[in-house]
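Trainee: Just dropping this structure here.
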Amino acid sequence: MIAAVICGSGSWAMVRLFLRAATARSMEKVAWIMLAAFVTGASIWCTHFVAMLGYEPRLPISFDPVLTMVSLLIAMAGSALGFLAATGRGGAAPAFGGAIVGLSIVVMHYIGMLAYRVQGIVTWDRSFMIASIILACVLAAAALDTARRLERESMGSHGATALFFLSIISLHFTGMTAFQVTPMLVDGSFSDPDAMRALAVSVASVGLIIVCSGFACSFIDTKARATAADALANMSNGLAMLSPGGVLTLVNERVGQLFGLTPGALKTGMSLRDFLSTIGERSGWDEERLARVIENHHAWMRKDTVTRLEQNLASGVVLSIVCQPVPRGGAILTYEDVTQMRNGQKTIAHMAFHDALTGLKNRRMFAESVVDFLERGEVTMLSIDLDRFKKVNDLLGHTVGDELLHKLSARLESCLRPDELAFRLGGDELAVLLRAPSERIAALAQDIIIQAALPFDIAGHAVTVGCTIGIATAAPGDDAMVLQQKADLALYSAKTAGRNRFEVYQDGMREQEVDKRALEQDLSLAVSLGQFELWYQPLYSLPGRMLCGFESLIRWRHPVRGLVPPVDFIPLAERSGLIAEIGAWVIEEACRQASLWPAPLYVSVNVSALQLRSATLPAEFAQALARHRLSPSRIEIEITETAMVEHSDQIAMTLTSLRALGLRIAMDDFGTGYSSLAHLREFKIDRLKIDRSFVAASGEDAGEDVGSAAIVRAVLSMARELGIDTTAEGIEDETQLQRLTELGCGTAQGYLLGRPLDERAVEALLREHVEATAPLLIAV
């Protein structure tokens, strides 16, 4: 009975220690093999000798201590060799190693029998000996093979324990059946009582060690399993383990939670098909898909590499599934909920390629889309710029401006077809890319202009803006930069011609822009190189036709282009920001020249809208007047109506400062712009200059343009009533001059009276003016 307990405990401990050794690596594996060999060898040896002590031959017996210890060492060494072989690679390794362990049992048994001394003649039955050897080796091989193949199944370890137990017991009883003793009568005592007592103590001690080792192994294993169970239950990921036969040997509750299963729906011992069927039933898989998923899992388990994939569940959950094949068969499946991560990645990706305010695609996406369109063929770009958007921001605040952009973007997208893309490039710059016939492109541009012009209801404000569009179609060989350049040039052309319209790029626009760029570069050096000149057109008072002053007109004497008129370079100066430097030079030069003229002749200086928005303009005039000791009354500033409309509050402050210096203010080209009477009151204008287009209608052919003649009469009459001086521009014949004189115009200028003069010609004219003893009369 004691031998059976020791054998069972030893077999049970051997299987668990062997499985631990099989999963360990390097020196840890060696340590587990040595421990398993010690417990196994000791349990085999102890079982044998305890059984032998219970054997009663009814004859005096004794044991050879040397051979007894040798049998113990052989059992341990043989077990170590067998376990080492059984933990190797290859499908036959466990069986081969088990056979070695079985052979060590055989050798231990029969050396132990040689150590058995009995008073008689010992004989052996060879058939039983051979049977015992075969039984021991086969059953031990089956035990280790079963342990390895079924290590994740509960019955595997129990079956392996039973087989190893049978291998030891079958060897002992079959071997003892082959052992026969014929008694001999010999005088004296053959038994050695001291040796028997020593053997009994040794065997009992070894047995105690084996039993304690078995219980210690059980405790460690149970503790480890409990710890693993706690870890599995509290994992954030789902974990499932499959045996080589496709049986679920381990699964935690997290797997069921991720798939929305009820608690306990997944259990160990389920087949792979049942496991996936349970999941598929909850996920709505049909039989075809279920079969495909099962086949995929088998394919993953056969691979040598890790398989990773993601599955989107109907609930919106995104699972990351990893299948890690195990070298000896089976696989480990892990399931991770990556929904939040993927949603975050989608949000980041959307933010990287979309504008946060409007939801439109951004400049980065625009660059990639243009390349993609160009690779697929022809593409057209609409460059869209909002009109009066800055005024909305300034008057109503950026919150209203942001909401305006948001609503306008929605309207823009409503105009587009599915294959047409809208972008926000920055600020109030929008763009559209499409591939369509010219008719569709023109219709889309017109729709966008109409939608942008409709009022927006924002925070109780009826906000009205508009948009201007430049259109360009990529020519063969054009890249993204060239296409955008063309669209921007078309946009600039549209804005120059008037807003709320679209313009299509025409051949030659790029060349013109290149020429403008070159001219702009030369313009930046013109002041320092002294290439600017001021010419002066005489102004005559009516009706006496006496010289009363000059209008200063800037000219650029370019070393290659010759004399460049202001209409060609002033817009460039305003666009590039050079107008401030050029304007300061004009003020300085005009004051210097006027200081050389006899009083009360005055000089009229043209000032651009950009200069009027500068806070330094009054200081520039004040310094120039002081430097040249010139009376402010001899300076008249000419501004346009358009300049007064834009940034009117800021310009009103500047004009107030200029008037405080004693300068006079003239409104140039009156009648061609907004012609608001409120401007005359708000800005306190000193002079109105009637545009040449109306003056021309006052000549010999005035009957052909009754409306223009009526406007001239009305303006002169209104100015007279308001106490505002008047000047008529562009007088070219005597009839025009005579009619204007009759209508009461105060001052006149034009080719009839005098063309623009350079500095020397002005000096000659002034000498005539000074030498005359009577007021200078102009004979025509």
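Chain labels A, B, ... are given in the sequence in which chains occur in the structure tokens; within each chain residues are numbered consecutively from 1, and ligands are likewise numbered from 1 in the order shown.
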Enumerate, as a count of residues only, the complete set of residues in region 256-405 of chain A that a backbone-based DSSP assignment places in strand (DSSP E or B).
Mentor: 32
Trainee: Grab the CA of Arg126 (chain A) to CA of His48 (chain A) distance for me, in Å with one decimal place.
Mentor: 19.8 Å
Trainee: Do a neighbour search on region 614-623 of chain A at 7 Å with only C-alpha atoms, toss out local chain neighbours closer than 4 positions, and write the hits as a ChimeraX atom specification.
Mentor: /A:584,587,610,627,654,657-658
Trainee: Would you save the residues from that selection as a tab-separated table (two decimals), in the first residue's frame, using N, CA and C atoms?
Mentor:
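See again.tsv below for the written result:
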chain	number	residue	atom	x	y	z
A	584	ALA	N	6.23	109.60	-49.91
A	584	ALA	CA	7.04	110.52	-49.09
A	584	ALA	C	7.97	111.34	-49.96
A	587	ILE	N	5.88	114.12	-51.68
A	587	ILE	CA	5.57	115.21	-50.76
A	587	ILE	C	6.78	116.13	-50.58
A	610	LEU	N	-3.87	104.14	-49.54
A	610	LEU	CA	-2.93	103.51	-48.59
A	610	LEU	C	-2.19	104.55	-47.77
A	627	ARG	N	10.61	122.24	-43.29
A	627	ARG	CA	11.94	122.17	-43.89
A	627	ARG	C	12.09	123.22	-45.02
A	654	THR	N	-7.29	111.07	-40.33
A	654	THR	CA	-6.10	111.57	-41.03
A	654	THR	C	-6.40	112.91	-41.69
A	657	SER	N	-6.45	115.72	-39.24
A	657	SER	CA	-5.08	116.14	-38.86
A	657	SER	C	-4.46	117.00	-39.96
A	658	LEU	N	-4.70	116.65	-41.24
A	658	LEU	CA	-4.14	117.44	-42.34
A	658	LEU	C	-4.77	118.82	-42.40
Trainee: Could you tell me how far CA of Gly10 (chain A) sits from CA of Ala147 (chain A), in Å to one decimal place?
Mentor: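 So the two atoms, CA of Ala147 (chain A) and CA of Gly10 (chain A), lie 15.0 Å apart.
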Trainee: Write out as a PyMOL selection string each polymer residue whose atoms come within 9 Å of Val15 (chain A), counting only C-alpha atoms; drop sequence neighbours fewer than 3 positions from it.
Mentor: chain A and resi 10-12+18-20+36+143-144+147+157-158+160-161+164
Trainee: Assign secondary structure with DSSP using the backbone only, and return the residues of region 317-453 of chain A in helix (DSSP H, G or I) as number ranges by chain.
Mentor: A: 339-353, 363-376, 389-396, 398-414, 438-453
